[in-house]
Amino acid sequence: MGYTIHSVNGPVVTAKGGRTLSMLESVCVGNEALMGEVVGIRGDDAVIQVYEDTAGLRPGDPVEGAGSPLAVELGPGLLFNIFDGILRPLRALEAASGPFMARGTNIGALDREKKWDVKVLVREGDRIAPGTVYAECRETDLILHRCVSQSSGTVTSVRPDGLYTVTETLAEVRGPRGRTEALTLRQVWPIRTPRPVRGRKPIDRPLITGQRIIDTLFPVAKGGCAAVPGPFGAGKTITQHQLAKWSDADIIVYLGCGERGNEMTEGLEEFSELPDPRSGKPLLARTVLLANTSNMPVAAREASVYTGMTVAEYYRDMGYHVAIMADSTSRWAEALREIAGRLEEMPAEEGFPAYLPSRLAEFYERAGYMLTLSGEEGSVTVISAVSPQGGDFSEPVTQNTKRFVRAFWALDRQLAYARHFPAINWITSYSEYTDDLEPWYRERFGHDFADLRTRISRLLLEESKLMEIVKLIGADILPDDQKLVIEAARVVRLGFLQQNAYHETDTYVPLEKQKAMMEIILYLYDAAKALLDRSIPISQLRGTGIFDALIRIKYDVPNDRPGMLASYRGKIDDAVRGVLEANL
């Protein structure tokens, strides 16, 4: 006797029958075969979370098990495409059911009709093992797709190079037990199972983003994890868009998890039109978009983060560096809370389930810089937005996220309203990757890079302390050495930390120019301090306009000519000389 529906509670369905279903088994629910997953076994009952709208399901409707965990299709065709939370292509769903997605439309992620120009890399008689690259094809102009074996055995037959669909056999392999397996461009992988690797490698190189406050003060490593928490309107999505556009990751997996649909639409339109800075091709040619927006089924939102991670690991195994932009994990946690409530589980703090920390850990621990089974190096970097209600960073999702990430870019509402982008607060943010990455910075930019960063950070910290005094008694009565700290920190804030995402020169800044900018700002600070030692008021040097001139260098000096910044030393010297002559 098969399973039948006993009760329906939103996305949670209880089915009665035998004992044939297993935990985390994929199932088809109802007469429309809605996709679901077993999340609990209670005697003869199975508790199922359904990834589609459950309206219309009735007691007595059939439930059939797939005999395998919830899995997704992987292969060429994922790039330059947009999917829902369980990797169903939205364009294909629209073609099949119109603008409103019909229930039970279980379409695979890959186009079954499209032919790919495949080069088969194995020969008859070859022995393969997990990690063997048996075929490759050009997925986009930017990405060479490598098919990596997950099985072992002896190749018994091989097809010639040519045009093949994702389901056509490229080679056949006889396994150790004599079973023959067909190798195709298509793979199926369970989303909750991490893909195997040969081992983890030390994190020793940064993900270069071109955003000065990130690359210089709060870097994130390739294979690391960063969180971008902030209140509504602080710029979490804009920050992630900027990182997706300009970071030096090979592939971007952009995961819209519970956010508004217009944000995904904006990303899709921008990435289609924006040229990749390294190749000039459309940025979407190295991007996978997963949209599980706030109006989509809540259970699919819970699965979407694992879907995105599985796609990222798939390309990592080819030897690529992948960055996941998850927007936002707070909405994913809210989906956990809703499902846990319907399962009648004991709530913990603010109603979130007690297993929230372990679920977050399962997600973040799949990031890393890996040595793949094929011997290549690849990485998955996670940059997740967190949306605490009212900007309260003490709420459970933010606090538990801080336990598992090592870069914390706290967005500030006041900075955002002051049009300071990125609105990352330099006092409450931090990065624990600084020491790990110091050898990389030292090798390429000299021993003084860390010293420059430390001095810049110290200036900002001193200014923050002084501003508390200024609020009480005003700036006019401060001694000149403290006025200099405030003035120099203003140059750092406006001329270095603040960036214009819509300015051709300022939207992305290479590290060479970032270092040169720090050097010239601190050169001005040291020169001004020398004047103070001669009892010359800081107001005289400020009156020359040299401080404002340094704020404008981010626009005036092209990125490909950082050497021009050396000329500003002469301008600073001229300004100082003029002040000295006026005081003779």
# chains A, B, ... in the order shown; residues from 1 in each chain; ligands from 1
$ select_by_dssp --residues "stretch 352-534 of chain A" --states "strand (DSSP E)" --output "list in words"
Gly368, Tyr369, Met370, Leu371, Glu377, Gly378, Ser379, Val380, Thr381, Val382, Ile383, Ser384, Ala385, Val386, Ala407, Phe408, Tyr430 and Ser431 of chain A
$ residues_around --residues "A:Asp141" --least-positions-apart "4" --cutoff "10 Å" --atoms "only C-alpha atoms" --output "MDAnalysis selection string"
chainID A and resid 279 281:282 285:286
$ residues_around --residues "stretch 229-243 of chain A" --least-positions-apart "2" --cutoff "8 Å" --atoms "only C-alpha atoms" --output "PDB file with N, CA and C atoms, in the first residue's frame"
ATOM      1  N   THR A 209      38.292  42.927  -4.937  1.00  0.00           N
ATOM      2  CA  THR A 209      36.969  43.453  -5.287  1.00  0.00           C
ATOM      3  C   THR A 209      37.031  44.827  -5.937  1.00  0.00           C
ATOM      4  N   ALA A 227      30.049  38.393   5.799  1.00  0.00           N
ATOM      5  CA  ALA A 227      28.652  38.767   5.996  1.00  0.00           C
ATOM      6  C   ALA A 227      28.508  40.265   5.810  1.00  0.00           C
ATOM      7  N   LYS A 245      30.038  42.292  -9.866  1.00  0.00           N
ATOM      8  CA  LYS A 245      30.534  42.882 -11.111  1.00  0.00           C
ATOM      9  C   LYS A 245      32.062  42.894 -11.178  1.00  0.00           C
ATOM     10  N   TRP A 246      32.710  43.214 -10.059  1.00  0.00           N
ATOM     11  CA  TRP A 246      34.122  43.573 -10.125  1.00  0.00           C
ATOM     12  C   TRP A 246      35.070  42.620  -9.438  1.00  0.00           C
ATOM     13  N   SER A 247      34.594  41.685  -8.627  1.00  0.00           N
ATOM     14  CA  SER A 247      35.532  40.786  -7.941  1.00  0.00           C
ATOM     15  C   SER A 247      36.222  39.881  -8.954  1.00  0.00           C
ATOM     16  N   GLU A 263      14.635  43.304  -7.368  1.00  0.00           N
ATOM     17  CA  GLU A 263      16.077  43.278  -7.190  1.00  0.00           C
ATOM     18  C   GLU A 263      16.716  42.248  -8.114  1.00  0.00           C
ATOM     19  N   GLY A 267      19.284  42.959 -11.279  1.00  0.00           N
ATOM     20  CA  GLY A 267      20.527  42.238 -11.461  1.00  0.00           C
ATOM     21  C   GLY A 267      20.598  41.553 -12.808  1.00  0.00           C
ATOM     22  N   MET A 325      26.896  35.067  -3.906  1.00  0.00           N
ATOM     23  CA  MET A 325      26.260  36.233  -3.296  1.00  0.00           C
ATOM     24  C   MET A 325      24.879  35.795  -2.818  1.00  0.00           C
ATOM     25  N   ASP A 327      21.543  36.605  -0.926  1.00  0.00           N
ATOM     26  CA  ASP A 327      20.780  37.790  -0.515  1.00  0.00           C
ATOM     27  C   ASP A 327      19.326  37.382  -0.234  1.00  0.00           C
ATOM     28  N   ILE A 383      29.611  35.315   0.276  1.00  0.00           N
ATOM     29  CA  ILE A 383      29.343  36.667   0.762  1.00  0.00           C
ATOM     30  C   ILE A 383      27.834  36.775   0.937  1.00  0.00           C
ATOM     31  N   ALA A 385      24.320  38.452   2.598  1.00  0.00           N
ATOM     32  CA  ALA A 385      23.656  39.599   3.205  1.00  0.00           C
ATOM     33  C   ALA A 385      22.819  39.109   4.381  1.00  0.00           C
ATOM     34  N   VAL A 386      22.790  39.902   5.438  1.00  0.00           N
ATOM     35  CA  VAL A 386      21.963  39.611   6.609  1.00  0.00           C
ATOM     36  C   VAL A 386      21.081  40.826   6.848  1.00  0.00           C
ATOM     37  N   SER A 387      19.788  40.591   7.075  1.00  0.00           N
ATOM     38  CA  SER A 387      18.812  41.681   7.189  1.00  0.00           C
ATOM     39  C   SER A 387      18.185  41.698   8.573  1.00  0.00           C
ATOM     40  N   PRO A 388      18.914  42.155   9.593  1.00  0.00           N
ATOM     41  CA  PRO A 388      18.325  42.209  10.937  1.00  0.00           C
ATOM     42  C   PRO A 388      17.230  43.262  11.006  1.00  0.00           C
ATOM     43  N   GLN A 389      16.130  42.927  11.631  1.00  0.00           N
ATOM     44  CA  GLN A 389      15.017  43.866  11.732  1.00  0.00           C
ATOM     45  C   GLN A 389      15.443  45.096  12.517  1.00  0.00           C
ATOM     46  N   GLY A 390      15.203  46.263  11.920  1.00  0.00           N
ATOM     47  CA  GLY A 390      15.555  47.509  12.570  1.00  0.00           C
ATOM     48  C   GLY A 390      17.048  47.737  12.715  1.00  0.00           C
ATOM     49  N   GLY A 391      17.866  46.939  12.011  1.00  0.00           N
ATOM     50  CA  GLY A 391      19.305  47.089  12.128  1.00  0.00           C
ATOM     51  C   GLY A 391      19.868  46.621  13.454  1.00  0.00           C
ATOM     52  N   ASP A 392      19.136  45.743  14.154  1.00  0.00           N
ATOM     53  CA  ASP A 392      19.565  45.245  15.458  1.00  0.00           C
ATOM     54  C   ASP A 392      20.504  44.057  15.274  1.00  0.00           C
ATOM     55  N   PHE A 393      21.813  44.279  15.421  1.00  0.00           N
ATOM     56  CA  PHE A 393      22.799  43.232  15.190  1.00  0.00           C
ATOM     57  C   PHE A 393      22.847  42.194  16.316  1.00  0.00           C
ATOM     58  N   THR A 398      22.107  37.329  12.929  1.00  0.00           N
ATOM     59  CA  THR A 398      23.369  38.071  12.839  1.00  0.00           C
ATOM     60  C   THR A 398      24.397  37.516  13.819  1.00  0.00           C
ATOM     61  N   PHE A 408      33.305  40.730   8.530  1.00  0.00           N
ATOM     62  CA  PHE A 408      32.010  41.267   8.941  1.00  0.00           C
ATOM     63  C   PHE A 408      31.965  42.725   8.496  1.00  0.00           C
ATOM     64  N   TRP A 409      31.177  42.998   7.446  1.00  0.00           N
ATOM     65  CA  TRP A 409      31.079  44.346   6.875  1.00  0.00           C
ATOM     66  C   TRP A 409      29.739  44.946   7.313  1.00  0.00           C
ATOM     67  N   ALA A 410      29.755  45.627   8.435  1.00  0.00           N
ATOM     68  CA  ALA A 410      28.525  46.151   9.028  1.00  0.00           C
ATOM     69  C   ALA A 410      28.108  47.437   8.315  1.00  0.00           C
ATOM     70  N   LEU A 411      26.935  47.410   7.690  1.00  0.00           N
ATOM     71  CA  LEU A 411      26.431  48.589   7.003  1.00  0.00           C
ATOM     72  C   LEU A 411      25.747  49.519   8.003  1.00  0.00           C
ATOM     73  N   ASP A 412      25.895  50.813   7.782  1.00  0.00           N
ATOM     74  CA  ASP A 412      25.420  51.821   8.711  1.00  0.00           C
ATOM     75  C   ASP A 412      24.342  52.663   8.042  1.00  0.00           C
ATOM     76  N   ARG A 413      23.193  52.784   8.699  1.00  0.00           N
ATOM     77  CA  ARG A 413      22.080  53.545   8.131  1.00  0.00           C
ATOM     78  C   ARG A 413      22.460  55.019   7.929  1.00  0.00           C
ATOM     79  N   LEU A 415      25.404  56.364   7.385  1.00  0.00           N
ATOM     80  CA  LEU A 415      26.292  56.507   6.236  1.00  0.00           C
ATOM     81  C   LEU A 415      25.514  56.390   4.928  1.00  0.00           C
ATOM     82  N   ALA A 416      24.570  55.447   4.887  1.00  0.00           N
ATOM     83  CA  ALA A 416      23.774  55.263   3.671  1.00  0.00           C
ATOM     84  C   ALA A 416      22.937  56.505   3.386  1.00  0.00           C
ATOM     85  N   TYR A 417      22.314  57.076   4.420  1.00  0.00           N
ATOM     86  CA  TYR A 417      21.493  58.271   4.212  1.00  0.00           C
ATOM     87  C   TYR A 417      22.346  59.476   3.852  1.00  0.00           C
ATOM     88  N   PRO A 422      30.674  52.513  -0.260  1.00  0.00           N
ATOM     89  CA  PRO A 422      29.829  51.566   0.473  1.00  0.00           C
ATOM     90  C   PRO A 422      29.610  52.049   1.907  1.00  0.00           C
ATOM     91  N   ALA A 423      28.407  51.798   2.434  1.00  0.00           N
ATOM     92  CA  ALA A 423      28.053  52.288   3.767  1.00  0.00           C
ATOM     93  C   ALA A 423      28.576  51.354   4.851  1.00  0.00           C
ATOM     94  N   ALA A 501      29.951  54.283  -7.353  1.00  0.00           N
ATOM     95  CA  ALA A 501      29.758  53.090  -8.179  1.00  0.00           C
ATOM     96  C   ALA A 501      29.402  53.429  -9.617  1.00  0.00           C
TER      97      ALA A 501
END
$ closest_atom_pairs --of "stretch 184-230 of chain A" --to "stretch 154-171 of chain A" --cutoff "6 Å" --atoms "only C-alpha atoms" --output "JSON lines"
{"residue": "A:Thr184", "atom": "CA", "partner": "A:Thr169", "partner_atom": "CA", "distance": 5.0}
{"residue": "A:Leu185", "atom": "CA", "partner": "A:Val166", "partner_atom": "CA", "distance": 4.7}
{"residue": "A:Arg186", "atom": "CA", "partner": "A:Val166", "partner_atom": "CA", "distance": 5.2}
$ residues_around --residues "stretch 431-437 of chain A" --least-positions-apart "6" --cutoff "10 Å" --atoms "only C-alpha atoms" --output "ChimeraX atom specification"
/A:202-206,214,216-221,224-226,405-409,450
$ write_last_selection --atoms "N, CA and C atoms" --output "compact mmCIF listing (two decimals), in the first residue's frame"
# COMPACT_ATOMS: atom_id res chain seq x y z
N PRO A 202 45.44 25.98 2.60
CA PRO A 202 45.42 27.20 3.43
C PRO A 202 44.87 28.39 2.64
N ILE A 203 44.16 29.23 3.33
CA ILE A 203 43.65 30.46 2.71
C ILE A 203 44.77 31.50 2.74
N ASP A 204 45.26 31.88 1.56
CA ASP A 204 46.44 32.74 1.53
C ASP A 204 46.38 33.82 0.46
N ARG A 205 45.23 34.02 -0.19
CA ARG A 205 45.13 35.07 -1.20
C ARG A 205 43.76 35.72 -1.12
N PRO A 206 43.69 37.02 -1.35
CA PRO A 206 42.42 37.73 -1.19
C PRO A 206 41.54 37.63 -2.43
N ILE A 214 37.13 47.49 1.43
CA ILE A 214 37.17 46.03 1.57
C ILE A 214 38.59 45.52 1.33
N THR A 216 41.46 46.97 1.33
CA THR A 216 42.53 47.51 2.17
C THR A 216 42.29 47.25 3.65
N LEU A 217 41.10 47.58 4.15
CA LEU A 217 40.86 47.50 5.59
C LEU A 217 40.27 46.17 6.03
N PHE A 218 39.30 45.64 5.25
CA PHE A 218 38.57 44.44 5.69
C PHE A 218 38.53 43.40 4.57
N PRO A 219 39.67 42.84 4.19
CA PRO A 219 39.70 41.92 3.05
C PRO A 219 39.01 40.60 3.36
N VAL A 220 38.53 39.96 2.30
CA VAL A 220 38.01 38.60 2.40
C VAL A 220 38.88 37.73 1.51
N ALA A 221 39.17 36.52 1.98
CA ALA A 221 40.04 35.62 1.23
C ALA A 221 39.24 34.78 0.26
N GLY A 224 36.93 32.10 1.61
CA GLY A 224 36.47 32.56 2.92
C GLY A 224 34.99 32.88 2.94
N CYS A 225 34.54 33.41 4.05
CA CYS A 225 33.13 33.76 4.24
C CYS A 225 33.04 35.17 4.80
N ALA A 226 32.14 35.96 4.25
CA ALA A 226 31.92 37.32 4.72
C ALA A 226 30.42 37.55 4.84
N VAL A 405 31.58 33.33 10.10
CA VAL A 405 32.26 34.13 9.08
C VAL A 405 33.44 34.84 9.73
N ARG A 406 34.43 35.19 8.93
CA ARG A 406 35.62 35.86 9.46
C ARG A 406 35.78 37.27 8.91
N ALA A 407 34.85 37.69 8.08
CA ALA A 407 34.82 39.09 7.63
C ALA A 407 33.41 39.61 7.86
N PHE A 408 33.31 40.73 8.53
CA PHE A 408 32.01 41.27 8.94
C PHE A 408 31.96 42.73 8.50
N TRP A 409 31.18 43.00 7.45
CA TRP A 409 31.08 44.35 6.87
C TRP A 409 29.74 44.95 7.31
N ALA A 450 50.97 46.81 5.19
CA ALA A 450 50.30 46.57 6.48
C ALA A 450 50.44 47.79 7.39
$ closest_residue --among "A:Pro59, A:Pro439, A:Pro196, A:Gly17" --to "A:Gly43" --atoms "only C-alpha atoms"
A:Gly17
$ residues_around --residues "A:Ser22" --least-positions-apart "3" --cutoff "9 Å" --atoms "only C-alpha atoms" --output "PyMOL selection string"
chain A and resi 19+25-26+38-41+46+65+67-69
$ write_last_selection --atoms "N, CA and C atoms" --output "short mmCIF file (atom, residue, chain, number, x, y, z; two decimals), in the first residue's frame"
data_model
loop_
_atom_site.label_atom_id
_atom_site.label_comp_id
_atom_site.auth_asym_id
_atom_site.auth_seq_id
_atom_site.Cartn_x
_atom_site.Cartn_y
_atom_site.Cartn_z
N ARG A 19 6.29 1.89 5.47
CA ARG A 19 7.56 2.38 6.00
C ARG A 19 8.61 2.42 4.89
N GLU A 25 14.28 11.96 1.49
CA GLU A 25 13.97 11.39 0.17
C GLU A 25 13.09 12.37 -0.60
N SER A 26 13.34 12.48 -1.89
CA SER A 26 12.52 13.31 -2.76
C SER A 26 11.22 12.57 -3.08
N VAL A 38 11.11 14.56 2.24
CA VAL A 38 10.75 14.02 3.54
C VAL A 38 11.65 14.64 4.60
N VAL A 39 11.04 15.28 5.60
CA VAL A 39 11.82 15.93 6.67
C VAL A 39 11.57 15.28 8.02
N GLY A 40 10.72 14.28 8.07
CA GLY A 40 10.47 13.61 9.34
C GLY A 40 9.77 12.29 9.13
N ILE A 41 10.11 11.30 9.94
CA ILE A 41 9.46 9.99 9.93
C ILE A 41 8.93 9.73 11.34
N ALA A 46 4.92 10.00 7.36
CA ALA A 46 6.04 10.75 6.80
C ALA A 46 5.65 12.22 6.75
N GLY A 65 7.44 8.11 -3.59
CA GLY A 65 8.85 8.38 -3.35
C GLY A 65 9.67 8.19 -4.61
N GLY A 67 12.94 7.49 -4.41
CA GLY A 67 14.01 6.54 -4.13
C GLY A 67 15.38 7.16 -4.04
N SER A 68 15.46 8.48 -4.02
CA SER A 68 16.74 9.17 -3.96
C SER A 68 16.55 10.52 -3.26
N PRO A 69 17.63 11.14 -2.76
CA PRO A 69 17.49 12.46 -2.13
C PRO A 69 17.13 13.53 -3.17
#
$ closest_residue --among "A:Thr454, A:Pro396, A:Arg200, A:Asn292" --to "A:Tyr369" --atoms "only C-alpha atoms"
A:Arg200
$ residues_around --residues "A:Met318" --least-positions-apart "3" --cutoff "12 Å" --atoms "only C-alpha atoms" --output "PyMOL selection string"
chain A and resi 75+131-136+143-149+195+197+250-251+311-315+321-322+370-380
$ atom_distance --atom1 "atom CA of A:Ile213" --atom2 "atom CA of A:Lys571"
25.6 Å
